[in-house]
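Below is one structure, written out as structure tokens, with a few remarks after it.
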Amino acid sequence: MKVLICPDKFKECLTAADVALFIRKGILKVMPDADCRMIPMADGGEGTVEALVEATAGRTETVMVHDPLMRMITALYGISGDGKTAIIEMSAASGLSLLKPGERNPLVTTTYGTGELIRFALDKGCREIILGIGGSATVDGGVGMAQALGITFRDEQDQEIGPGGGNLNRIASMDKSQLDPRLRECKVYAACDVNNPFTGSNGAAAVYGPQKGATPLMVKQLDDNLQHLARILRDLWNCEVGELPGAGAAGGLGGGIVAFLDGELRPGFELISQKANLEQSISWAHVVITGEGKMDLQTAFGKTAGGVAKMARHMNKPVIAFTGSSGEDPDKLQALGFDAVIPITDKPMSLEQSIAGAGRLLENSAERAFRLLKLGKRMGGL
């Protein structure tokens with residue numbers, strides 16, 4: 001039997017690669033001759049670097065960059081096996097997880113470190129960038145990233161503006177003559193699974209500012225500043241980002257990638273699955289295994305497991321999903337393309353207990369599922 005194992009991570013618990021290994025271990029207990037192909041997956045958020053490095057037999061690089069408050073830190077990014085594509089998670093340099101709760105202030109936090117990661121990737125010869133833009137600590141419209149790559153932003157006194165979303169209203173001119181010339185021959189794709197515009201009631205500041213530390217007054221200031229940046233981009237560069245779906249992702253970084261790097265916003269699962277040749281592997285398999293920590297009706301909207309199920313359904317391949325929690329109405333998940341959704345807990349337990357024992361629970365669940373598959377094969381002649 002050919003088994004494709006392509007799960008997402010179990011958040012705060014197991015990486016996607018670990019999930020795949022535990023599932024494989026359970027399968028082989030029952031079917032030691034099963035041909036198991038493992039492709040850890042992601043949707044553009046945390047785990048994207050690991051998933052694509054694993055899928056392409058690539059490598060990781062560790063470099064020194066500036067964090068959201070311009071302190072030097074070490075950050076990791078990936079390079080695909082052919083050396084042509086860099087896989088970057090903006091959260092590695094500009095993420096909320098890098099700050100203590102009291103340090104969260106999008107008026108001063110910057111995406112400068114994300115631009116540095118792009119520059120390091122260019123230094124290694126990469127000419128395609130896949131940028132996961134989840135988990136940001138910033139609402140600077142990508143200006144910090146652009147500064148790190150050579151674009152200069154000046155105020156009416158011809159002084160360069162400082163970092164952070166609180167300085168965007170000072171921008172009077174933008175000079176891209178010193179933009180890293182290697183970007184002209186580079187394609188940048190941002191993994192973006194939200195449709196929020198740059199500004200307004202559903203924009204970057206209003207929707208995501210509070211979780212980054214913004215008070216209501218700061219949200220208003222940040223939105224005004226992003227509106228100013230959108231006007232400057234329109235008036236000086238004829239670039240419209242204000243209402244662009246997805247431009248508000250990661251504090252406006254989505255719009256900045258389009259405006260400053262001529263980048264493209266793409267659904268995360270679409271990008272990752274294409275680079276990992278997932279469709280080809282699904283075509284090869286007899287059965288497809290996926291899963292993630294929590295599955296509910298939102299699984300259909302851009303999440304890894306839903307994307308796997310949709311792709312497999314088009315090729316008439318059966319799909320089994322393992323999950324820590326299947327939400328309030330697991331029966332409806334079948335309509336998304338799953339043939340079976342299997343919660344891994346096997347007795348009453350706390351969330352802490354299920355997290356601590358997730359590997360064993362996954363292994364045991366895979367073993368039970370494939371014992372049933374084996375039984376089904378035996379009964380096939382009845």
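Chain lettering (A, B, ...) mirrors the order of the structure tokens, residue numbering begins at 1 for each chain separately, and ligand numbering begins at 1 in order of display.
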Open item on the list: Which residues are close to segment 128-133 of chain A, i.e. within 6 Å by only C-alpha atoms, leaving aside same-chain residues fewer than 6 positions away? Reply as a PyMOL selection string.
Closed with: chain A and resi 44-45+85-90+186-191+250
Those same residues - N, CA and C atoms - I'd like them written as a PDB file, in the first residue's frame.
ATOM      1  N   GLY A  44       1.789  28.617   5.289  1.00  0.00           N
ATOM      2  CA  GLY A  44       2.422  29.923   5.185  1.00  0.00           C
ATOM      3  C   GLY A  44       2.746  30.547   6.523  1.00  0.00           C
ATOM      4  N   GLY A  45       2.198  29.980   7.600  1.00  0.00           N
ATOM      5  CA  GLY A  45       2.500  30.482   8.939  1.00  0.00           C
ATOM      6  C   GLY A  45       3.681  29.736   9.550  1.00  0.00           C
ATOM      7  N   THR A  85      15.356  28.878  -4.283  1.00  0.00           N
ATOM      8  CA  THR A  85      14.238  29.497  -3.569  1.00  0.00           C
ATOM      9  C   THR A  85      14.562  29.642  -2.086  1.00  0.00           C
ATOM     10  N   ALA A  86      14.320  30.834  -1.561  1.00  0.00           N
ATOM     11  CA  ALA A  86      14.436  31.063  -0.116  1.00  0.00           C
ATOM     12  C   ALA A  86      13.059  30.981   0.500  1.00  0.00           C
ATOM     13  N   ILE A  87      12.980  30.345   1.657  1.00  0.00           N
ATOM     14  CA  ILE A  87      11.732  30.249   2.401  1.00  0.00           C
ATOM     15  C   ILE A  87      11.929  31.010   3.703  1.00  0.00           C
ATOM     16  N   ILE A  88      11.145  32.067   3.880  1.00  0.00           N
ATOM     17  CA  ILE A  88      11.331  32.974   5.008  1.00  0.00           C
ATOM     18  C   ILE A  88      10.017  33.113   5.770  1.00  0.00           C
ATOM     19  N   GLU A  89      10.081  33.012   7.079  1.00  0.00           N
ATOM     20  CA  GLU A  89       8.951  33.368   7.938  1.00  0.00           C
ATOM     21  C   GLU A  89       9.252  34.727   8.539  1.00  0.00           C
ATOM     22  N   MET A  90       8.434  35.729   8.223  1.00  0.00           N
ATOM     23  CA  MET A  90       8.714  37.066   8.736  1.00  0.00           C
ATOM     24  C   MET A  90       8.752  37.087  10.251  1.00  0.00           C
ATOM     25  N   CYS A 186      14.295  38.964  -9.260  1.00  0.00           N
ATOM     26  CA  CYS A 186      13.793  38.085  -8.211  1.00  0.00           C
ATOM     27  C   CYS A 186      12.271  38.168  -8.151  1.00  0.00           C
ATOM     28  N   LYS A 187      11.627  37.041  -7.904  1.00  0.00           N
ATOM     29  CA  LYS A 187      10.178  37.009  -7.727  1.00  0.00           C
ATOM     30  C   LYS A 187       9.877  36.745  -6.260  1.00  0.00           C
ATOM     31  N   VAL A 188       9.042  37.593  -5.684  1.00  0.00           N
ATOM     32  CA  VAL A 188       8.681  37.475  -4.271  1.00  0.00           C
ATOM     33  C   VAL A 188       7.210  37.094  -4.162  1.00  0.00           C
ATOM     34  N   TYR A 189       6.945  36.006  -3.459  1.00  0.00           N
ATOM     35  CA  TYR A 189       5.580  35.563  -3.209  1.00  0.00           C
ATOM     36  C   TYR A 189       5.319  35.619  -1.707  1.00  0.00           C
ATOM     37  N   ALA A 190       4.224  36.234  -1.328  1.00  0.00           N
ATOM     38  CA  ALA A 190       3.839  36.270   0.081  1.00  0.00           C
ATOM     39  C   ALA A 190       2.698  35.294   0.312  1.00  0.00           C
ATOM     40  N   ALA A 191       2.882  34.398   1.259  1.00  0.00           N
ATOM     41  CA  ALA A 191       1.828  33.456   1.628  1.00  0.00           C
ATOM     42  C   ALA A 191       0.824  34.195   2.499  1.00  0.00           C
ATOM     43  N   ALA A 250      -0.322  41.063   8.166  1.00  0.00           N
ATOM     44  CA  ALA A 250       0.940  41.321   8.883  1.00  0.00           C
ATOM     45  C   ALA A 250       1.200  42.814   9.044  1.00  0.00           C
TER      46      ALA A 250
END
Contacts between segment 50-71 of chain A and segment 260-348 of chain A, please, where a residue of segment 260-348 of chain A counts if it comes within 12 Å (with only C-alpha atoms); show its shortest atom pair and distance in Å to one decimal, rows by chain and ascending number, as a tab-separated table.
residue	atom	partner	partner_atom	distance
A:Gly268	CA	A:Leu52	CA	11.9
A:Phe269	CA	A:Ala51	CA	11.4
A:Leu271	CA	A:Leu52	CA	10.1
A:Ile272	CA	A:Leu52	CA	7.0
A:Ser273	CA	A:Leu52	CA	9.0
A:Gln274	CA	A:Leu52	CA	10.3
A:Lys275	CA	A:Leu52	CA	7.4
A:Ala276	CA	A:Ala55	CA	5.4
A:Asn277	CA	A:Ala55	CA	8.4
A:Leu278	CA	A:Ala55	CA	9.2
A:Ser281	CA	A:Ala55	CA	11.1
A:Thr304	CA	A:Ala51	CA	11.5
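Among A:Gly113, A:Pro40, A:Pro106, A:Pro101, the residue with the shortest atom-to-atom distance to Leu4 of chain A, counting only C-alpha atoms, is A:Pro40.
When only C-alpha atoms are used to compute distances to Gly203 of chain A, the closest of the residues A:Ile171, A:Met145, A:Ala358, A:Ala247 turns out to be A:Ala247.
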Which residues, written as an mmCIF file with N, CA and C atoms, in the first residue's frame, have at least one atom at most 12 Å from Lys347 of chain A, with only C-alpha atoms counted and residues fewer than 5 positions away on the same chain left out?
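Full text of out.cif as output:
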data_model
loop_
_atom_site.group_PDB
_atom_site.id
_atom_site.type_symbol
_atom_site.label_atom_id
_atom_site.label_comp_id
_atom_site.auth_asym_id
_atom_site.auth_seq_id
_atom_site.Cartn_x
_atom_site.Cartn_y
_atom_site.Cartn_z
ATOM 1 N N GLN A 353 -2.459 17.170 29.219
ATOM 2 C CA GLN A 353 -2.110 15.756 29.073
ATOM 3 C C GLN A 353 -2.065 15.337 27.609
ATOM 4 N N SER A 354 -3.011 15.849 26.809
ATOM 5 C CA SER A 354 -3.026 15.474 25.395
ATOM 6 C C SER A 354 -1.828 16.052 24.660
ATOM 7 N N GLY A 357 1.274 13.973 25.616
ATOM 8 C CA GLY A 357 1.286 12.624 25.057
ATOM 9 C C GLY A 357 0.917 12.554 23.593
ATOM 10 N N LEU A 361 -0.254 9.308 21.273
ATOM 11 C CA LEU A 361 -1.653 9.277 20.849
ATOM 12 C C LEU A 361 -1.778 9.196 19.326
#
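Within 9 Å of Gly144 of chain A, once only C-alpha atoms are used and residues closer than 4 positions along the same chain are dropped, the contacting residues are Thr109, Thr110, Thr111, Tyr112, Gly113, Thr114, Gly115, Asp140, Ala148, Leu149, Gly162, Pro163 and Gly164 of chain A.
Counting only C-alpha atoms, the residue from A:Ile39, A:Gly337, A:Tyr77, A:Val108 that sits nearest to Glu279 of chain A is A:Ile39.
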Open item on the list: Just want the 7 Å neighbourhood of Gly256 of chain A, counted on only C-alpha atoms, with same-chain residues fewer than 3 positions away dropped. Output as a PyMOL selection string.
Closed with: chain A and resi 141-143+252-253+259-260
- [ ] Using backbone DSSP assignments, extract all strand (DSSP E or B) residues from segment 117-261 of chain A; output them as a PyMOL selection string.
- [x] chain A and resi 128-132+136+152-154+160+173-175+187-191
